Structure formats: C-alpha cells, structure tokens
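Contents: one structure, followed by commentary.
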Amino acid sequence: MTHPIPPGTRDVLPAEMRELREIERAVQSSFDAAGYGEVLTPTMEYEDVLRRGDDRAAGAGYRLFDEQGHVLALRSDMTIPLARVAATRLAEVEPPLRLRYLAPAYRAVMRGTGEPREFLQAGVELMGVESPAGDSEVLRCALDALDAAGLRRHRLGLGDAGIATALLDETGAEPAARAAIVDALRRRDLPALEVRLDRAGIASPAREVLARLPLLRGGPEILDRADGPSPEALERLRGLYEMLHEAGAGERVLLDLGIVHELGYYTGPVFEVYDPAVGFPLGGGGRYDGLLGRFGRPLPACGIALDVHRLHLARAAEEKLR
Amino acid sequence: MSRFPIGPPEGLTVAVPRGALFADTLDLLDGLGADTAAVRSDGRRLIFDECGIVTMRPSDVPTYVEQGAADVGITGKDVLLEQPWRDVYELADLAYGACRMVVATPEGREVAEPLERLGRVRIATKYPRIAARHFSETGRHAEIVEVKGSVEIAPLTGLVDAIVDLTATGRTLAENGLVEREEVLRSSARLIANPVAHRLRAAAVDALLMRIGGPR
C-alpha cells in the first residue's frame, strides 16, 4: 500500500539532508558575514497583502480560507513578505536594511511532471541603497554565497527590466498586441516575435531593435552593439558591470538585454544565476524600487534568492565534470 | 567565432529528430558544414559524439533541450505546441517539414452532426492538447481520445466521429476515405535552444543561427 504525497513535494532523507544542510550553512554564514540579519515570516499571508505587492500575488498558487473566511495564500517568494516587514515591524529602523532568509516558498505547477511546488530559497534583500551600489553589493553577496556552496562554474545573468518596457512604451502598441510581444520576448520565440511585431504595425527602427533584443547577451561589448534601448538603462548596466568588474567578478557576469519582466515588481536591473553544468537557472532577483512604497515606506531596494535544491543539483553535476 | 559551432571539441550538442524531419535535418547540418555521414550510415546508433549529434523521436527533442542534455535541437512546431510548458527558446523557423494539422471526418459525415444531436464530438488524435484547445477556442464540446498510432482508422471503426492529425499531401486521409474539414494549424521544423545554453554558449548559438540565415 502506498500513501502518496502531492507531486512536486518531497521527503528528504538523511543522506541528501546532510548535503543540503551543508549548502544551507555555507550560504547562510556567507550572507551573515556580509552583515545580513536572518528573518522568518509566516508561510501563509493574507492574499490581499500579497496583492498589494503584486497584482498577481507574485504568482501565489495555493489559497485557503481561515475560520473567518479571509483568503490566505502560501507565499510564492520572500520579497513581498519582507517588504511588508520593512514597512511594519522595521518601520522605525534607519535604512539601509540588510535582511536574509532561508525559507520554503510555494508555486503552482503547470504540468504535473514533478516540478516542485515547494522549494527552499536562501536569499538576501537590501533596502535603502540605490542602484547601482545596492545591486553590486547584493550580486557580490550572491557570488560569495555560490563560492561558499562549493560551485566553481556559476555565472550571473544581468539584464534590466526597464529596457523592453521603455522600448514598448515608445511604440505605443495596443495592450493586447503589447502583451503578445512581451510573451514572445519572454519565451524567446523569435519566429513568433517577428510575426507579432509586424501584426502590431511597429515601424522601423523600433521593430528591428525589439527583434534583436533576445540575441543581445554576452560580455560588456554587447552594450556597444545595442543601438536602440534607452541609453540610461544601458549606462546603468555599464556602471553596474564596471563595479562588479572592479570587484574581480567581471568574468562571472553575463549581460543579457533580453531578460523581460513586464509583470511583477522589478523596476531596474534583474539578475539570474546559471551554471553550465545544468540546464536551468539556480536563482534570480532584481531591483524593485516601487515595492516598498506600496506598503507605505518608499525605499529603493533589491534582492536575490537562490534555490537550495538546485544549488545541490548543480554542485553534483559540476563534480561529475571534474 | 570561426570554429564550427557544432560538435567537439567545444561546439554545441544538437538533438536531431528521427522520422519525417530526419533527412532534411541532416541535409541542413551538412549544408552548414557538419559531417553527418556516420549518422546516415548507422541506423541503429543514437548518439554520435564525434559530430555532436544525438538522435531521438521528434517529441523527445524538447525534453532533451529543456533539461540541457542537448544545447540546441530541431523539431516540428506541432511538437512544441503540444508541449507548451517546455522552457525552451525557439530561434528559427527552418521552413522544411511543412505540414498542416487538420480536422477530418469520413466522407459524408460532418463534424456538426454529432455536436447537434449529442452535444459533443469525439475526436481521436496524437495531439490531445492542441485538439482540445482548437475545439474549446471554437466553443464546441469535444471528447478527446488519445491514440498512439494509425489515427485514420479510429473513425472507421466507430471509436470516434473525427480525427485531428497532421497531413502533408492529404494522401493518407484520402486513402482512408477521410475528408479535411478544418485547418487547425500549420507546422514546420524549428530550431530550439536550452535557455542556459542560449546565454552561456551565446557565441556558438549565434554562429549556428548566422549560418542558418538568422531568425525567419
């Protein structure tokens, strides 16, 4: 007789747990050494509160009713709950706020082939420091944590949520056509992108700039090749890249102008973490200068979260290549 | 990047579909400068490390590419639409392997007939998601019966009222007394890439895309 658990959830047994704990400890003490204090928030929040941070409640997938009929949602990330904390319990604390967490988050699964509904995130949020200094600090923090976790080949993808948004604003495309273009940009479906740009009647040169956007990734030279995206966003990325380069992390950084975050709370630079040994990102984050304001405490902020289980998978995959 | 973008020592691994797209895909790779002689001559081997090629069923290509077991791959648009959740980037329409997915019924029997009398139409297909979406988008209630092979015989045996299947020339349909009633979509071969490889192997991916002639 079997007693099933929901697909996408897992039991962790001692052999795996020992290695996961080792990674958690390494990441946590690395964040701790950088001056980030650990916080824990409830697994479930009022859905209204999550919606205040993001119209889609940051993609929360699981909702339940409490005994008074209020809608509760399992958090899908830690950023919105920490924005709430910064505006409530920490309202009187002078910025900058440096917070870290190690906590599970929950997302709906689209296909039921075992992709996780519950995943353990280790992350940091830095509130009250402007771009690019804040972004640079958070990214260096993440790189140190990845080193501490035992990874050797990891890379940081660096884009800007404002690039595609600004380009699309200029075209004045209708909302439906715009959503279709964003969808093709996000999925990097280049044939569909071409068709949708034409269908939306977007004229040159904006059409060519948007069509090329998903291919603009690589070293700092792509900033010179990128003719079209807003010069301010490009300068912002260049400045951030140079800060990371001076910190000795230039080799780790991959600029990627095609990263698109039309929905959600990201306002500036956005981050993704990769490892060539595995085919999926290990984490991500970005700058969300508007989010804390929605909770009544306007502060510039940014953060990054690493998926602990994926770090473990990547470390195991790297070991095989050695 | 002057080095050839596919195969060892540092090139990409390509997932190549066996079946209808196989010959044209090998021709394409040869045209780009690959040497696919070994792949052509050995019908039983599936992995060709010497030229960076892994061969598989077309419907497995998105799986291998999504997981990063292959950096890039070639498969039909029909396969990609049937597996819309796959996190892969679609870089180019390769134009070959053109075919259409259609709704077909036996001669003399319309799709509307079962809908009118019984409120639903029964459909056999190898593409349950595409078929279900086609009928739901057109506001009709369909019961989808997934079959793995020889879809054409399903309506002839009374299993279903109609089929949703690919057709290139229409011959198989005609041979089984089936008549095309609606076009569901048009398909052709696509070049897809793993999202991490698309970034971390950008130079090789772009060199490949350039040789193919850019996104079309």
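Identifiers in this document derive from the order of the structure tokens: chains are assigned A, B, ..., residues are numbered from 1 separately in each chain, and ligands are numbered from 1 in order of occurrence.
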Counting only C-alpha atoms, which residues of chain B come no farther than 8 Å from chain A, as a list in words?
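The complete set of qualifying residues is Glu66, Gln67, Gly68, Ala69, Trp85, Asp87, Val88, Tyr89, Glu90, Leu91, Ala92, Asp93, Asn194, Pro195, Val196, Ala197, Arg199, Leu200, Ala202, Asp206, Pro215 and Arg216 of chain B.
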List the spatial neighbours of B:Val54 as a tab-separated table (two decimals) with C-alpha atoms, in the first residue's frame - criterion: any atom at most 6 Å away, only C-alpha atoms, same-chain residues fewer than 4 positions off excluded.
chain	number	residue	atom	x	y	z
B	15	ALA	CA	19.18	16.93	-30.77
B	16	VAL	CA	18.19	15.64	-34.21
B	46	LEU	CA	21.58	7.04	-31.47
B	47	ILE	CA	24.49	9.04	-30.06
B	48	PHE	CA	27.21	10.44	-32.32
Please compute the atom CA of A:Tyr288-atom CA of A:Ala86 distance, one decimal, in Å.
13.6 Å
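Shortest separation to B:Val147 among B:Ile163, B:Val111, B:Ala124, B:Val205 occurs at residue B:Ala124, atoms counted being only C-alpha atoms.
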Would you mind writing down, as a ChimeraX atom specification, each residue of stretch 63-275 of chain A that DSSP on the backbone assigns to strand (DSSP E or B)?
/A:63-65,71-74,97-106,118-127,155-160,189,217-218,253-256,269-274
Please produce a file of those selected residues containing C-alpha atoms, as an mmCIF file, in the first residue's frame.
data_model
loop_
_atom_site.group_PDB
_atom_site.id
_atom_site.type_symbol
_atom_site.label_atom_id
_atom_site.label_comp_id
_atom_site.auth_asym_id
_atom_site.auth_seq_id
_atom_site.Cartn_x
_atom_site.Cartn_y
_atom_site.Cartn_z
ATOM 1 C CA ARG A 63 -5.106 29.634 -1.296
ATOM 2 C CA LEU A 64 -7.199 28.662 1.698
ATOM 3 C CA PHE A 65 -9.850 30.197 3.927
ATOM 4 C CA VAL A 71 -8.388 34.323 1.939
ATOM 5 C CA LEU A 72 -4.903 33.205 2.891
ATOM 6 C CA ALA A 73 -2.203 32.378 0.355
ATOM 7 C CA LEU A 74 1.016 30.408 0.666
ATOM 8 C CA LEU A 97 18.085 47.264 5.985
ATOM 9 C CA ARG A 98 20.064 44.103 5.292
ATOM 10 C CA LEU A 99 17.860 41.000 5.598
ATOM 11 C CA ARG A 100 18.443 37.358 4.755
ATOM 12 C CA TYR A 101 16.217 34.301 4.837
ATOM 13 C CA LEU A 102 16.194 30.558 4.394
ATOM 14 C CA ALA A 103 12.604 29.553 3.863
ATOM 15 C CA PRO A 104 10.289 27.476 1.688
ATOM 16 C CA ALA A 105 8.068 29.142 -0.901
ATOM 17 C CA TYR A 106 5.239 27.654 -2.961
ATOM 18 C CA GLU A 118 7.563 23.723 -2.654
ATOM 19 C CA PHE A 119 11.119 24.971 -2.882
ATOM 20 C CA LEU A 120 13.643 26.184 -0.388
ATOM 21 C CA GLN A 121 15.058 29.647 -1.010
ATOM 22 C CA ALA A 122 18.120 31.246 0.514
ATOM 23 C CA GLY A 123 18.282 34.944 -0.227
ATOM 24 C CA VAL A 124 19.100 38.495 0.739
ATOM 25 C CA GLU A 125 17.221 41.781 0.438
ATOM 26 C CA LEU A 126 18.966 45.144 0.649
ATOM 27 C CA MET A 127 16.567 48.036 1.305
ATOM 28 C CA ARG A 155 27.619 32.751 -13.849
ATOM 29 C CA LEU A 156 25.417 35.760 -13.217
ATOM 30 C CA GLY A 157 22.993 36.947 -15.882
ATOM 31 C CA LEU A 158 22.385 40.671 -15.688
ATOM 32 C CA GLY A 159 19.622 42.479 -17.534
ATOM 33 C CA ASP A 160 17.309 45.420 -16.973
ATOM 34 C CA ASP A 189 10.226 32.660 -29.563
ATOM 35 C CA ARG A 217 23.699 38.689 -24.441
ATOM 36 C CA GLY A 218 27.402 38.273 -23.735
ATOM 37 C CA VAL A 253 28.888 38.310 -15.325
ATOM 38 C CA LEU A 254 26.929 37.792 -18.493
ATOM 39 C CA LEU A 255 24.957 40.794 -19.717
ATOM 40 C CA ASP A 256 21.586 39.865 -21.150
ATOM 41 C CA PRO A 269 18.466 45.644 -13.081
ATOM 42 C CA VAL A 270 17.334 41.991 -12.923
ATOM 43 C CA PHE A 271 19.532 39.029 -12.072
ATOM 44 C CA GLU A 272 19.633 35.332 -12.900
ATOM 45 C CA VAL A 273 22.091 32.676 -11.757
ATOM 46 C CA TYR A 274 23.297 29.925 -14.102
#
Between atom CA of A:Val209 and atom CA of A:Ala226 - distance in Å to one decimal
8.2 Å
Would you mind reading off the distance between atom CA of A:Ile304 and atom CA of A:Gly284, one decimal, in Å?
5.5 Å
Distance query B:Leu12 at most 8 Å, only C-alpha atoms, self and fewer than 6 positions along chain excluded, as a ChimeraX atom specification
/B:5-6,52,70-72,201,204-205
Write the residues you've just listed into a file as a PDB file, in the first residue's frame, and include N, CA and C atoms for each of them.
ATOM      1  N   PRO B   5      30.358  25.651 -35.124  1.00  0.00           N
ATOM      2  CA  PRO B   5      29.626  25.728 -33.847  1.00  0.00           C
ATOM      3  C   PRO B   5      29.052  24.414 -33.321  1.00  0.00           C
ATOM      4  N   ILE B   6      29.102  23.339 -34.098  1.00  0.00           N
ATOM      5  CA  ILE B   6      28.516  22.079 -33.629  1.00  0.00           C
ATOM      6  C   ILE B   6      29.599  21.021 -33.433  1.00  0.00           C
ATOM      7  N   GLY B  52      28.724  15.643 -32.459  1.00  0.00           N
ATOM      8  CA  GLY B  52      27.858  16.433 -31.572  1.00  0.00           C
ATOM      9  C   GLY B  52      26.372  16.231 -31.824  1.00  0.00           C
ATOM     10  N   ALA B  70      20.896  18.324 -24.448  1.00  0.00           N
ATOM     11  CA  ALA B  70      21.354  18.855 -25.739  1.00  0.00           C
ATOM     12  C   ALA B  70      21.245  20.374 -25.636  1.00  0.00           C
ATOM     13  N   ASP B  71      22.200  21.091 -26.275  1.00  0.00           N
ATOM     14  CA  ASP B  71      22.171  22.553 -26.194  1.00  0.00           C
ATOM     15  C   ASP B  71      21.099  23.136 -27.103  1.00  0.00           C
ATOM     16  N   VAL B  72      21.007  22.558 -28.305  1.00  0.00           N
ATOM     17  CA  VAL B  72      20.004  23.004 -29.270  1.00  0.00           C
ATOM     18  C   VAL B  72      19.362  21.766 -29.878  1.00  0.00           C
ATOM     19  N   ARG B 201      26.440  29.746 -23.973  1.00  0.00           N
ATOM     20  CA  ARG B 201      27.091  29.328 -25.222  1.00  0.00           C
ATOM     21  C   ARG B 201      26.673  30.268 -26.345  1.00  0.00           C
ATOM     22  N   ALA B 204      28.496  30.329 -29.870  1.00  0.00           N
ATOM     23  CA  ALA B 204      28.243  29.171 -30.725  1.00  0.00           C
ATOM     24  C   ALA B 204      26.804  29.177 -31.246  1.00  0.00           C
ATOM     25  N   VAL B 205      25.854  29.533 -30.380  1.00  0.00           N
ATOM     26  CA  VAL B 205      24.445  29.566 -30.804  1.00  0.00           C
ATOM     27  C   VAL B 205      24.265  30.608 -31.911  1.00  0.00           C
TER      28      VAL B 205
END
